[in-house]
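The file data31.pdb comes next; it holds PDB, C-alpha atoms, pLDDT in the B column.
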```pdb
ATOM      1  CA  ASP C 169     137.658  51.534 135.240  1.00 46.00           C
ATOM      2  CA  SER C 170     135.099  51.902 138.064  1.00 53.00           C
ATOM      3  CA  ARG C 171     135.559  48.390 139.473  1.00 58.00           C
ATOM      4  CA  GLY C 172     138.164  49.629 141.962  1.00 57.00           C
ATOM      5  CA  VAL C 173     135.824  52.125 143.680  1.00 65.00           C
ATOM      6  CA  PRO C 174     133.542  49.598 145.458  1.00 70.00           C
ATOM      7  CA  HIS C 175     136.617  47.583 146.388  1.00 70.00           C
ATOM      8  CA  MET C 176     138.199  50.667 147.970  1.00 74.00           C
ATOM      9  CA  LYS C 177     134.994  51.464 149.846  1.00 82.00           C
ATOM     10  CA  LYS C 178     134.985  47.952 151.293  1.00 79.00           C
ATOM     11  CA  PHE C 179     138.665  48.324 152.220  1.00 81.00           C
ATOM     12  CA  HIS C 180     138.009  51.644 153.982  1.00 86.00           C
ATOM     13  CA  LYS C 181     135.022  50.145 155.794  1.00 84.00           C
ATOM     14  CA  ALA C 182     137.148  47.216 156.942  1.00 83.00           C
ATOM     15  CA  LEU C 183     139.917  49.562 158.058  1.00 88.00           C
ATOM     16  CA  LEU C 184     137.500  51.694 160.101  1.00 91.00           C
ATOM     17  CA  VAL C 185     135.901  48.640 161.692  1.00 88.00           C
ATOM     18  CA  MET C 186     139.309  47.225 162.652  1.00 90.00           C
ATOM     19  CA  LEU C 187     140.476  50.572 164.035  1.00 94.00           C
ATOM     20  CA  GLY C 188     137.287  50.797 166.082  1.00 94.00           C
ATOM     21  CA  ILE C 189     137.815  47.312 167.465  1.00 95.00           C
ATOM     22  CA  VAL C 190     141.423  48.065 168.420  1.00 94.00           C
ATOM     23  CA  VAL C 191     140.401  51.255 170.240  1.00 95.00           C
ATOM     24  CA  ILE C 192     137.317  49.813 171.966  1.00 95.00           C
ATOM     25  CA  CYS C 193     139.242  46.772 173.193  1.00 96.00           C
ATOM     26  CA  PHE C 194     141.588  48.820 175.406  1.00 95.00           C
ATOM     27  CA  PRO C 195     139.050  49.830 178.088  1.00 96.00           C
ATOM     28  CA  LEU C 196     137.233  46.495 177.771  1.00 97.00           C
ATOM     29  CA  THR C 197     140.520  44.680 178.351  1.00 97.00           C
ATOM     30  CA  PHE C 198     141.201  46.661 181.509  1.00 97.00           C
ATOM     31  CA  VAL C 199     137.796  45.835 182.992  1.00 97.00           C
ATOM     32  CA  LEU C 200     137.778  42.209 181.881  1.00 98.00           C
ATOM     33  CA  THR C 201     141.304  41.531 183.165  1.00 98.00           C
ATOM     34  CA  PHE C 202     140.364  42.775 186.624  1.00 97.00           C
ATOM     35  CA  LEU C 203     137.123  40.785 186.561  1.00 98.00           C
ATOM     36  CA  LEU C 204     139.256  37.709 185.896  1.00 98.00           C
ATOM     37  CA  VAL C 205     141.346  38.156 189.078  1.00 97.00           C
ATOM     38  CA  PRO C 206     139.949  34.919 190.606  1.00 97.00           C
ATOM     39  CA  PHE C 207     141.060  33.063 187.475  1.00 98.00           C
ATOM     40  CA  TRP C 208     144.535  34.648 187.577  1.00 97.00           C
ATOM     41  CA  ARG C 209     144.889  33.663 191.257  1.00 97.00           C
ATOM     42  CA  TRP C 210     143.850  30.098 190.480  1.00 97.00           C
ATOM     43  CA  LEU C 211     146.279  29.976 187.567  1.00 97.00           C
ATOM     44  CA  GLU C 212     149.124  31.242 189.758  1.00 97.00           C
ATOM     45  CA  GLU C 213     148.391  28.810 192.589  1.00 97.00           C
ATOM     46  CA  THR C 214     147.862  25.811 190.305  1.00 97.00           C
ATOM     47  CA  TYR C 215     150.646  26.279 187.758  1.00 97.00           C
ATOM     48  CA  HIS C 216     153.038  28.567 189.677  1.00 96.00           C
ATOM     49  CA  VAL C 217     152.898  31.206 186.949  1.00 95.00           C
ATOM     50  CA  GLU C 218     153.369  34.808 188.067  1.00 96.00           C
ATOM     51  CA  ALA C 219     149.939  36.222 187.228  1.00 97.00           C
ATOM     52  CA  ILE C 220     149.058  38.425 190.212  1.00 95.00           C
ATOM     53  CA  GLY C 221     151.288  41.053 191.721  1.00 93.00           C
ATOM     54  CA  HIS C 222     150.772  43.466 194.596  1.00 92.00           C
ATOM     55  CA  SER C 223     149.051  45.934 192.255  1.00 93.00           C
ATOM     56  CA  GLY C 224     146.866  43.522 190.293  1.00 95.00           C
ATOM     57  CA  PRO C 225     147.248  41.190 187.320  1.00 97.00           C
ATOM     58  CA  ALA C 226     150.613  40.944 185.572  1.00 97.00           C
ATOM     59  CA  GLU C 227     151.155  42.819 182.329  1.00 97.00           C
ATOM     60  CA  TRP C 228     151.048  39.625 180.261  1.00 98.00           C
ATOM     61  CA  CYS C 229     147.505  38.996 181.569  1.00 98.00           C
ATOM     62  CA  PHE C 230     146.358  42.300 180.065  1.00 98.00           C
ATOM     63  CA  TRP C 231     148.037  41.545 176.736  1.00 98.00           C
ATOM     64  CA  LEU C 232     146.567  38.039 176.622  1.00 98.00           C
ATOM     65  CA  VAL C 233     143.048  39.318 177.273  1.00 98.00           C
ATOM     66  CA  TYR C 234     143.573  42.125 174.738  1.00 98.00           C
ATOM     67  CA  ALA C 235     144.732  39.675 172.059  1.00 98.00           C
ATOM     68  CA  LEU C 236     141.860  37.255 172.667  1.00 98.00           C
ATOM     69  CA  LEU C 237     139.299  40.055 172.722  1.00 97.00           C
ATOM     70  CA  THR C 238     140.656  41.725 169.586  1.00 97.00           C
ATOM     71  CA  VAL C 239     140.824  38.487 167.615  1.00 96.00           C
ATOM     72  CA  SER C 240     137.336  37.438 168.742  1.00 96.00           C
ATOM     73  CA  LEU C 241     135.717  40.769 167.912  1.00 94.00           C
ATOM     74  CA  SER C 242     137.581  40.965 164.598  1.00 92.00           C
ATOM     75  CA  PHE C 243     136.304  37.554 163.597  1.00 92.00           C
ATOM     76  CA  LEU C 244     132.783  38.512 164.656  1.00 91.00           C
ATOM     77  CA  ALA C 245     132.983  41.774 162.691  1.00 88.00           C
ATOM     78  CA  TRP C 246     134.261  39.919 159.647  1.00 85.00           C
ATOM     79  CA  ARG C 247     131.373  37.454 159.851  1.00 85.00           C
ATOM     80  CA  LEU C 248     128.650  40.022 160.510  1.00 82.00           C
ATOM     81  CA  VAL C 249     129.737  43.265 158.886  1.00 70.00           C
ATOM     82  CA  LEU C 250     132.503  42.808 156.393  1.00 62.00           C
ATOM     83  CA  ARG C 251     131.227  39.658 154.703  1.00 69.00           C
ATOM     84  CA  SER C 252     127.753  41.059 154.219  1.00 65.00           C
ATOM     85  CA  ARG C 253     126.933  41.371 150.565  1.00 60.00           C
ATOM     86  CA  PRO C 254     124.445  43.793 149.140  1.00 59.00           C
ATOM     87  CA  SER C 255     121.251  42.093 148.111  1.00 53.00           C
ATOM     88  CA  SER C 256     120.694  42.008 144.388  1.00 50.00           C
ATOM     89  CA  SER C 257     117.178  42.868 143.255  1.00 45.00           C
TER
END
```

As a first step, turn the structure in this file into structure tokens.
Amino acid sequence: DSRGVPHMKKFHKALLVMLGIVVICFPLTFVLTFLLVPFWRWLEETYHVEAIGHSGPAEWCFWLVYALLTVSLSFLAWRLVLRSRPSSS
């Protein structure tokens, strides 16, 4: 039965896209977290949450930005790339 082959191709495409997103998000997270230092300072001063240390943002700030970035880009990839259907002629 050849019905499984296109399904597997779509699965492999999805897997590669997700792997790419996970890898690309690491350097983007680093840059974005440091660009958000004014926000982290405001958050710490306003809500007394430990967000900024002597060496930069706290570790949870990096993980939060990474999670938000990964989820956002995954959703975007799903909408743009993975849901695209071949046009039937």

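Residues in contact range of stretch 196-213 of chain C, defined as at most 10 Å between all atoms listed in the file, with sequence neighbours fewer than 6 positions away removed, read Ala219, Ile220, Gly221, Gly224, Pro225, Ala226, Glu227, Cys229, Phe230, Trp231, Leu232, Val233, Tyr234, Ala235, Leu236, Leu237 and Thr238 of chain C.
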
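The list of residues with at least one atom within 10 Å of C:Val239, based on all atoms listed in the file and without residues fewer than 6 positions apart in the same chain, reads Ile189, Val190, Val233 and Ala245 of chain C.
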
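Counting only C-alpha atoms and comparing C:Lys177, C:Ala182, C:Gly188, C:Ser223, the residue that lies closest to C:Trp246 is C:Ala182.
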
Which one of C:Arg247, C:His222, C:Leu241, C:Phe179 sits closest to C:Val191 if you count all atoms listed in the file? C:Leu241

Between atom CA of C:Met176 and atom CA of C:Ile192, distance in Å (one decimal): 24.0 Å

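In this model, the gap between atom CA of C:Val185 and atom CA of C:Trp228 comes to 25.6 Å.
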
N, CA and C atoms modelled onto stretch 198-210 of chain C, as an mmCIF file, in the frame of the given file:
```cif
data_model
loop_
_atom_site.group_PDB
_atom_site.id
_atom_site.type_symbol
_atom_site.label_atom_id
_atom_site.label_comp_id
_atom_site.auth_asym_id
_atom_site.auth_seq_id
_atom_site.Cartn_x
_atom_site.Cartn_y
_atom_site.Cartn_z
ATOM 1 N N PHE C 198 140.912 46.259 180.131
ATOM 2 C CA PHE C 198 141.201 46.661 181.509
ATOM 3 C C PHE C 198 140.151 46.102 182.465
ATOM 4 N N VAL C 199 138.894 46.299 182.137
ATOM 5 C CA VAL C 199 137.796 45.835 182.992
ATOM 6 C C VAL C 199 137.772 44.310 183.063
ATOM 7 N N LEU C 200 137.857 43.667 181.924
ATOM 8 C CA LEU C 200 137.778 42.209 181.881
ATOM 9 C C LEU C 200 138.950 41.549 182.615
ATOM 10 N N THR C 201 140.136 42.104 182.486
ATOM 11 C CA THR C 201 141.304 41.531 183.165
ATOM 12 C C THR C 201 141.125 41.582 184.673
ATOM 13 N N PHE C 202 140.593 42.688 185.182
ATOM 14 C CA PHE C 202 140.364 42.775 186.624
ATOM 15 C C PHE C 202 139.201 41.895 187.068
ATOM 16 N N LEU C 203 138.213 41.706 186.217
ATOM 17 C CA LEU C 203 137.123 40.785 186.561
ATOM 18 C C LEU C 203 137.609 39.339 186.614
ATOM 19 N N LEU C 204 138.698 39.062 185.926
ATOM 20 C CA LEU C 204 139.256 37.709 185.896
ATOM 21 C C LEU C 204 140.281 37.451 187.008
ATOM 22 N N VAL C 205 140.372 38.335 187.990
ATOM 23 C CA VAL C 205 141.346 38.156 189.078
ATOM 24 C C VAL C 205 141.213 36.783 189.744
ATOM 25 N N PRO C 206 140.021 36.274 190.026
ATOM 26 C CA PRO C 206 139.949 34.919 190.606
ATOM 27 C C PRO C 206 140.603 33.858 189.703
ATOM 28 N N PHE C 207 140.421 34.001 188.393
ATOM 29 C CA PHE C 207 141.060 33.063 187.475
ATOM 30 C C PHE C 207 142.576 33.199 187.522
ATOM 31 N N TRP C 208 143.080 34.445 187.538
ATOM 32 C CA TRP C 208 144.535 34.648 187.577
ATOM 33 C C TRP C 208 145.120 34.085 188.866
ATOM 34 N N ARG C 209 144.406 34.228 189.983
ATOM 35 C CA ARG C 209 144.889 33.663 191.257
ATOM 36 C C ARG C 209 144.931 32.140 191.187
ATOM 37 N N TRP C 210 143.882 31.555 190.627
ATOM 38 C CA TRP C 210 143.850 30.098 190.480
ATOM 39 C C TRP C 210 144.997 29.629 189.588
#
```
